[in-house]
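Engineer: My structure is stored as target18.cif, with mmCIF, C-alpha atoms.
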```cif
data_structure
loop_
_atom_site.label_atom_id
_atom_site.label_comp_id
_atom_site.auth_asym_id
_atom_site.auth_seq_id
_atom_site.Cartn_x
_atom_site.Cartn_y
_atom_site.Cartn_z
CA MET K 320 -10.27 16.64 10.29
CA ASP K 321 -12.42 13.65 11.22
CA PRO K 322 -13.70 11.20 8.55
CA THR K 323 -17.05 9.64 9.41
CA PHE K 324 -19.93 7.59 8.06
CA PHE K 325 -23.47 8.62 8.92
CA GLY K 326 -27.08 8.32 7.77
CA ASN K 327 -28.96 5.10 7.09
CA LYS K 328 -27.18 1.84 7.89
CA ASP K 329 -28.06 0.39 4.50
CA LYS K 330 -26.99 3.57 2.66
CA PRO K 331 -24.13 5.05 4.71
CA LEU K 332 -22.81 8.42 3.62
CA TYR K 333 -19.16 9.38 3.82
CA GLY K 334 -18.33 12.76 5.29
CA VAL K 335 -15.42 14.69 6.75
CA TYR K 336 -15.97 16.91 9.77
CA HIS K 337 -13.60 19.84 10.24
CA PRO K 338 -13.86 21.08 13.86
CA PRO K 339 -13.00 24.70 14.67
CA LEU K 340 -9.26 25.19 15.10
CA SER K 341 -9.47 28.77 16.36
CA GLN K 342 -8.98 29.45 20.06
CA ALA K 343 -12.29 31.30 19.91
CA PRO K 344 -14.73 28.94 18.13
CA LYS K 345 -17.72 30.64 16.53
CA ASP K 346 -21.36 29.67 16.65
CA THR K 347 -21.08 28.87 12.96
CA ALA K 348 -21.58 25.54 11.20
CA VAL K 349 -21.17 25.19 7.44
CA LEU K 350 -22.38 22.31 5.28
CA ILE K 351 -20.66 21.94 1.91
CA CYS K 352 -22.64 20.46 -1.00
CA TYR K 353 -20.42 19.12 -3.78
CA PRO K 354 -21.04 19.26 -7.52
CA ILE K 355 -21.72 15.98 -9.32
CA LEU K 356 -20.02 13.90 -12.02
CA GLN K 357 -16.76 15.28 -13.48
CA GLU K 358 -17.17 18.59 -11.68
CA TYR K 359 -17.02 16.73 -8.36
CA ILE K 360 -13.51 15.56 -9.25
CA ARG K 361 -12.39 19.01 -10.44
CA SER K 362 -13.60 20.76 -7.32
CA HIS K 363 -12.76 18.24 -4.59
CA ARG K 364 -9.50 19.87 -3.52
CA ALA K 365 -10.98 23.37 -3.64
CA LEU K 366 -13.85 22.44 -1.34
CA ARG K 367 -11.46 20.75 1.05
CA GLN K 368 -9.44 23.97 1.01
CA LEU K 369 -12.61 25.95 1.78
CA ALA K 370 -13.42 23.61 4.67
CA ASP K 371 -9.89 23.92 6.07
CA GLN K 372 -9.98 27.70 5.85
CA LEU K 373 -13.38 27.95 7.55
CA SER K 374 -12.17 25.57 10.25
CA ARG K 375 -9.11 27.73 10.93
CA ALA K 376 -11.44 30.72 11.21
CA GLY K 377 -13.36 28.98 13.99
CA CYS K 378 -16.24 27.35 12.09
CA HIS K 379 -17.60 23.82 12.27
CA VAL K 380 -17.63 22.33 8.75
CA LEU K 381 -18.98 19.12 7.22
CA ARG K 382 -18.39 18.10 3.62
CA PHE K 383 -19.92 14.86 2.41
CA ASP K 384 -20.59 12.64 -0.59
CA TYR K 385 -24.16 12.05 -1.75
CA PHE K 386 -25.42 8.49 -2.02
CA ALA K 387 -23.82 6.68 -4.98
CA THR K 388 -21.06 9.29 -5.31
CA GLY K 389 -17.51 9.54 -3.98
CA ASP K 390 -16.90 7.25 -1.01
CA SER K 391 -20.54 6.89 0.02
CA ALA K 392 -22.44 3.64 -0.50
CA GLY K 393 -24.20 2.83 -3.75
CA HIS K 394 -23.63 2.98 -7.48
CA LEU K 395 -24.62 5.84 -9.77
CA ASP K 396 -27.26 3.71 -11.48
CA GLU K 397 -29.12 3.65 -8.13
CA ALA K 398 -29.06 7.41 -7.54
CA SER K 399 -31.95 9.87 -7.64
CA LEU K 400 -32.40 13.54 -6.83
CA SER K 401 -34.77 12.65 -4.00
CA ASP K 402 -31.97 10.55 -2.48
CA TRP K 403 -29.56 13.46 -2.72
CA LEU K 404 -32.00 15.93 -1.15
CA GLU K 405 -32.57 13.45 1.69
CA ASN K 406 -28.78 13.20 2.05
CA ILE K 407 -28.57 16.96 2.63
CA GLN K 408 -31.08 16.59 5.44
CA GLN K 409 -29.05 13.72 6.94
CA ALA K 410 -25.88 15.81 6.64
CA GLU K 411 -27.57 18.80 8.26
CA ASN K 412 -28.63 16.63 11.21
CA GLU K 413 -25.12 15.18 11.50
CA LEU K 414 -23.49 18.61 11.47
CA ARG K 415 -25.90 20.02 14.04
CA GLU K 416 -25.19 17.04 16.31
CA LEU K 417 -21.42 17.33 15.89
CA SER K 418 -21.31 21.09 16.36
CA GLY K 419 -24.13 21.80 18.78
CA VAL K 420 -25.11 24.70 16.51
CA ARG K 421 -28.84 25.08 15.91
CA LYS K 422 -28.80 26.93 12.59
CA ILE K 423 -26.27 26.10 9.89
CA SER K 424 -25.15 27.69 6.63
CA ILE K 425 -24.87 25.83 3.32
CA VAL K 426 -22.36 26.38 0.52
CA GLY K 427 -23.33 24.65 -2.73
CA LEU K 428 -21.14 24.58 -5.84
CA ARG K 429 -22.55 24.03 -9.36
CA PHE K 430 -25.21 21.27 -9.17
CA GLY K 431 -24.62 21.19 -5.43
CA ALA K 432 -26.03 24.73 -5.45
CA MET K 433 -29.08 23.52 -7.38
CA LEU K 434 -29.70 20.84 -4.74
CA ALA K 435 -29.08 23.25 -1.86
CA ALA K 436 -31.58 25.71 -3.34
CA GLN K 437 -34.21 22.96 -3.57
CA TYR K 438 -33.60 21.82 0.00
CA ASP K 439 -36.28 23.01 2.42
CA SER K 440 -35.25 23.40 6.06
CA LYS K 441 -36.06 25.99 8.69
CA ASN K 442 -32.60 25.57 10.23
CA ILE K 443 -30.59 27.37 7.51
CA ARG K 444 -29.00 30.66 8.46
CA GLU K 445 -27.43 31.38 5.08
CA LEU K 446 -27.37 29.80 1.63
CA ILE K 447 -24.38 30.45 -0.61
CA LEU K 448 -24.77 29.48 -4.27
CA TRP K 449 -21.37 29.32 -5.97
CA ASP K 450 -21.44 29.26 -9.79
CA PRO K 451 -24.86 27.60 -9.53
CA VAL K 452 -26.37 25.45 -12.25
CA ILE K 453 -29.56 27.34 -13.14
CA SER K 454 -31.06 25.03 -15.75
CA GLY K 455 -30.57 21.27 -15.62
CA LYS K 456 -31.34 21.04 -19.33
CA GLU K 457 -28.63 23.53 -20.28
CA TYR K 458 -26.22 21.90 -17.83
CA LEU K 459 -26.63 18.49 -19.47
CA GLN K 460 -26.37 20.01 -22.94
CA ASN K 461 -23.05 21.55 -21.94
CA LEU K 462 -21.78 18.20 -20.60
CA ASN K 463 -22.90 16.46 -23.80
CA ASP K 464 -21.09 19.06 -25.90
CA LEU K 465 -17.92 18.62 -23.84
CA HIS K 466 -18.17 14.84 -24.14
CA ASN K 467 -18.58 14.99 -27.93
CA ASP K 468 -15.67 17.42 -28.25
CA MET K 469 -13.53 15.13 -26.09
CA LEU K 470 -14.13 12.17 -28.41
CA VAL K 471 -12.63 14.03 -31.38
CA ASP K 472 -9.85 15.77 -29.44
CA ALA K 473 -6.54 14.85 -31.10
CA ASP K 474 -4.66 15.54 -27.86
CA ARG K 475 -6.57 12.68 -26.22
CA PHE K 476 -7.15 10.18 -29.03
CA PRO K 477 -5.10 9.57 -32.20
CA GLU K 478 -8.35 8.84 -34.05
CA PRO K 479 -11.85 10.20 -33.39
CA ARG K 480 -13.90 7.88 -31.19
CA LEU K 481 -17.57 7.01 -31.47
CA ARG K 482 -19.89 7.69 -28.60
CA ASP K 483 -21.00 4.55 -26.75
CA GLU K 484 -24.61 3.77 -27.60
CA ASN K 485 -26.60 2.71 -24.55
CA GLU K 486 -30.38 2.81 -24.47
CA SER K 487 -30.55 2.92 -20.67
CA ALA K 488 -27.86 5.49 -19.87
CA THR K 489 -25.90 8.46 -21.23
CA GLU K 490 -22.12 8.64 -20.98
CA LEU K 491 -20.93 12.03 -19.76
CA LEU K 492 -17.17 12.54 -19.40
CA GLY K 493 -16.59 9.11 -17.89
CA PHE K 494 -19.83 8.83 -15.90
CA SER K 495 -22.75 6.67 -17.01
CA VAL K 496 -25.95 8.50 -16.04
CA HIS K 497 -29.04 6.29 -16.17
CA ASN K 498 -32.13 7.60 -17.93
CA VAL K 499 -34.23 8.27 -14.82
CA LEU K 500 -31.51 10.34 -13.13
CA TYR K 501 -30.74 12.08 -16.44
CA SER K 502 -34.38 13.06 -16.78
CA GLU K 503 -34.52 14.33 -13.19
CA ILE K 504 -31.43 16.48 -13.70
CA GLU K 505 -32.79 17.74 -17.03
CA LYS K 506 -36.04 18.91 -15.42
CA SER K 507 -34.26 20.74 -12.61
CA ASP K 508 -34.67 24.50 -12.57
CA LEU K 509 -33.19 26.64 -9.83
CA VAL K 510 -35.77 29.43 -9.97
CA SER K 511 -38.97 27.37 -10.12
CA GLY K 512 -37.52 24.74 -7.76
CA PHE K 513 -36.19 27.20 -5.17
CA ASN K 514 -37.48 25.94 -1.80
CA SER K 515 -34.83 27.20 0.59
CA ALA K 516 -36.09 29.00 3.67
CA ALA K 517 -32.62 30.38 4.44
CA GLU K 518 -32.56 33.70 6.26
CA LYS K 519 -30.05 35.06 3.71
CA THR K 520 -28.90 34.02 0.24
CA LEU K 521 -25.64 34.95 -1.49
CA ILE K 522 -24.86 34.19 -5.13
CA VAL K 523 -21.11 34.06 -5.82
CA VAL K 524 -19.97 33.84 -9.45
CA SER K 525 -16.45 33.49 -10.79
CA GLU K 526 -17.03 35.31 -14.08
CA ALA K 527 -19.47 37.77 -15.63
CA CYS K 528 -22.62 36.09 -16.93
CA GLU K 529 -25.96 37.67 -17.76
CA GLN K 530 -27.74 34.48 -16.64
CA TYR K 531 -26.53 34.99 -13.08
CA ARG K 532 -27.65 38.61 -12.96
CA SER K 533 -31.01 37.51 -14.33
CA LEU K 534 -31.17 34.79 -11.66
CA THR K 535 -30.64 37.40 -8.95
CA GLU K 536 -33.45 39.54 -10.38
CA GLN K 537 -35.84 36.59 -10.67
CA LEU K 538 -35.22 35.48 -7.08
CA SER K 539 -35.66 39.07 -5.92
CA ARG K 540 -39.10 39.12 -7.54
CA GLN K 541 -39.91 36.04 -5.45
CA ASN K 542 -38.97 38.03 -2.31
CA LYS K 543 -35.78 35.98 -1.82
CA ALA K 544 -33.63 39.16 -1.99
CA PRO K 545 -30.26 37.49 -2.66
CA GLU K 546 -26.96 39.31 -2.48
CA PHE K 547 -24.75 39.03 -5.56
CA THR K 548 -20.94 38.96 -5.74
CA GLU K 549 -18.89 38.66 -8.91
CA ILE K 550 -15.22 37.66 -8.60
CA ASN K 551 -12.93 37.62 -11.61
CA GLU K 552 -11.57 34.06 -11.27
CA ALA K 553 -13.11 32.10 -14.13
CA ALA K 554 -13.44 28.36 -13.54
CA GLY K 555 -13.98 27.49 -17.21
CA TRP K 556 -16.81 25.03 -16.57
CA ASP K 557 -17.63 24.89 -20.28
CA GLU K 558 -14.02 24.59 -21.53
CA LEU K 559 -12.76 21.20 -22.69
CA ALA K 560 -9.15 22.12 -21.89
CA LYS K 561 -10.05 22.50 -18.20
CA ILE K 562 -12.19 19.44 -17.48
CA GLU K 563 -9.22 17.65 -15.91
CA ASP K 564 -7.68 20.70 -14.23
CA MET K 565 -8.01 21.09 -10.48
CA LEU K 566 -10.11 24.05 -9.45
CA LEU K 567 -7.98 26.43 -7.36
CA PRO K 568 -10.18 29.48 -6.74
CA ASN K 569 -8.32 31.23 -3.93
CA LEU K 570 -10.15 34.54 -4.35
CA VAL K 571 -13.58 32.91 -4.19
CA ILE K 572 -12.63 30.79 -1.18
CA ASN K 573 -11.31 33.84 0.66
CA GLN K 574 -14.46 35.79 -0.15
CA ILE K 575 -16.82 33.04 1.05
CA THR K 576 -14.82 32.53 4.26
CA GLU K 577 -14.73 36.24 5.02
CA HIS K 578 -18.44 36.59 4.30
CA LEU K 579 -19.47 33.74 6.59
CA VAL K 580 -17.16 34.73 9.44
CA GLN K 581 -18.02 38.45 9.30
CA GLY K 582 -21.71 37.68 8.94
CA VAL K 583 -21.71 35.93 12.30
CA SER K 584 -19.55 38.57 13.95
CA ALA K 585 -21.82 41.40 12.80
#
```
What is this structure when it is put down as structure tokens?
Structural biologist:
Amino acid sequence: MDPTFFGNKDKPLYGVYHPPLSQAPKDTAVLICYPILQEYIRSHRALRQLADQLSRAGCHVLRFDYFATGDSAGHLDEASLSDWLENIQQAENELRELSGVRKISIVGLRFGAMLAAQYDSKNIRELILWDPVISGKEYLQNLNDLHNDMLVDADRFPEPRLRDENESATELLGFSVHNVLYSEIEKSDLVSGFNSAAEKTLIVVSEACEQYRSLTEQLSRQNKAPEFTEINEAAGWDELAKIEDMLLPNLVINQITEHLVQGVSA
């Protein structure tokens, strides 16, 4: 596991490269796109676990923080979706250079899946969308609902708290999202914004949801022909009781690893 900084000198991105640990390395490189905001914190260990497991299976893996998130340069009030899409391109270039692999696969979780679906590159072998955010508007509404419920949660505060009023930003579970970024996220739509030229697409969901089946059908009508896998290991993304729980989705991680490794072997 090799920590690294890459990208523009004035906006360095933090990443961790996991080289193949198998005695028979595969011609497989996987880029992991994190969620954002509170979901980044919840899922950090799980995505490290995924990277470790893929590495042990012989894959090259790079996980990284977008600009103004995690350990990368910048503050959230400087962030934009165009920055984050550019960061995926920078991370793709870094992974291809580190691995020597020409075509990579991308695994995106939650809003990381939204970004990965919008990312246009001819060098993507497979795109895996894990519990993807489909509508930015609904995603933000869910975060707002969770934030409001948190403020009146007696297990957290002895007295209900008022939401901070800020004309230039919205507070969401401890993250202050400025209006421009909020608007960009709100306008995001996975179906209409789908730009990926990946050779194959897999949608992996951790619980039954009609929206995800509808997403698969809509993308199929656009000739994207995604595969769909449902695994009974609910993450509880919309549950207040779980916003501070670490995500430990062993079944999903095993399924994604097996899929990527077998896909190359086939």
Engineer: Please identify all polymer residues lying at most 12 Å from the point (-24.3, 22.2, 12.9) (file coordinates), using all atoms listed in the file, and present the result as a PyMOL selection string.
Structural biologist: chain K and resi 336-339+345-351+378-382+408-425+442-444
Engineer: So how many Å separate atom CA of K:Leu509 and atom CA of K:Ile355, to one decimal?
Structural biologist: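 Computing it gives 15.7 Å between the two atoms.
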Engineer: To one decimal in Å, tell me the separation between atom CA of K:Val524 and atom CA of K:Asn573.
Structural biologist: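 A separation of 13.3 Å between them.
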Engineer: Enter the distance from atom CA of K:Glu536 to atom CA of K:Lys441, in Å, rounded to one decimal.
Structural biologist: 23.5 Å
Engineer: My list of candidates is K:Asp483, K:Asp321, K:Asp508, K:Glu405. Which is closest to K:Pro451 when distances are computed with all atoms listed in the file?
Structural biologist: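 Distance minimum relative to K:Pro451 lands on K:Asp508.
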Engineer: For each of K:Ala553, K:Val580, K:Ile360, K:Leu492, take the minimum atom-to-atom distance to K:Cys528, counting only C-alpha atoms, then give the residue where this is smallest.
Structural biologist: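 Checking each of K:Ala553, K:Val580, K:Ile360, K:Leu492 against K:Cys528, counting only C-alpha atoms, the winner is K:Ala553.
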Engineer: Report as a count of residues only the full result of the PyMOL selection byres ((chain K and resi 500) around 9) when it is applied to this structure.
Structural biologist: 15
Engineer: Please expand the PyMOL selection byres ((chain K and resi 369) around 12) into the concrete residues it hits in this file, giving the result as a PyMOL selection string.
Structural biologist: chain K and resi 337+349-353+362-368+370-376+378-382+426-428+566-577+579
Engineer: Measuring between all atoms listed in the file, which one of K:Glu358, K:Asp564, K:Glu518, K:Glu486 shows the shortest distance to K:Asp439?
Structural biologist: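 Closest to K:Asp439, using all atoms listed in the file: K:Glu518.
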Engineer: Could you list, as a ChimeraX atom specification, every residue within 12 Å of K:Ala436, counting all atoms listed in the file and ignoring same-chain residues fewer than 4 positions away?
Structural biologist: /K:352,404,407,425-432,440,443,445-449,451-453,507-517,519-522,538,543,545
Engineer: Calculated over only C-alpha atoms, which of the candidates K:Glu457, K:Asp472, K:Glu526, K:Glu490 has the smallest distance to K:Ile550?
Structural biologist: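 Among the listed residues, the smallest separation from K:Ile550 belongs to K:Glu526.
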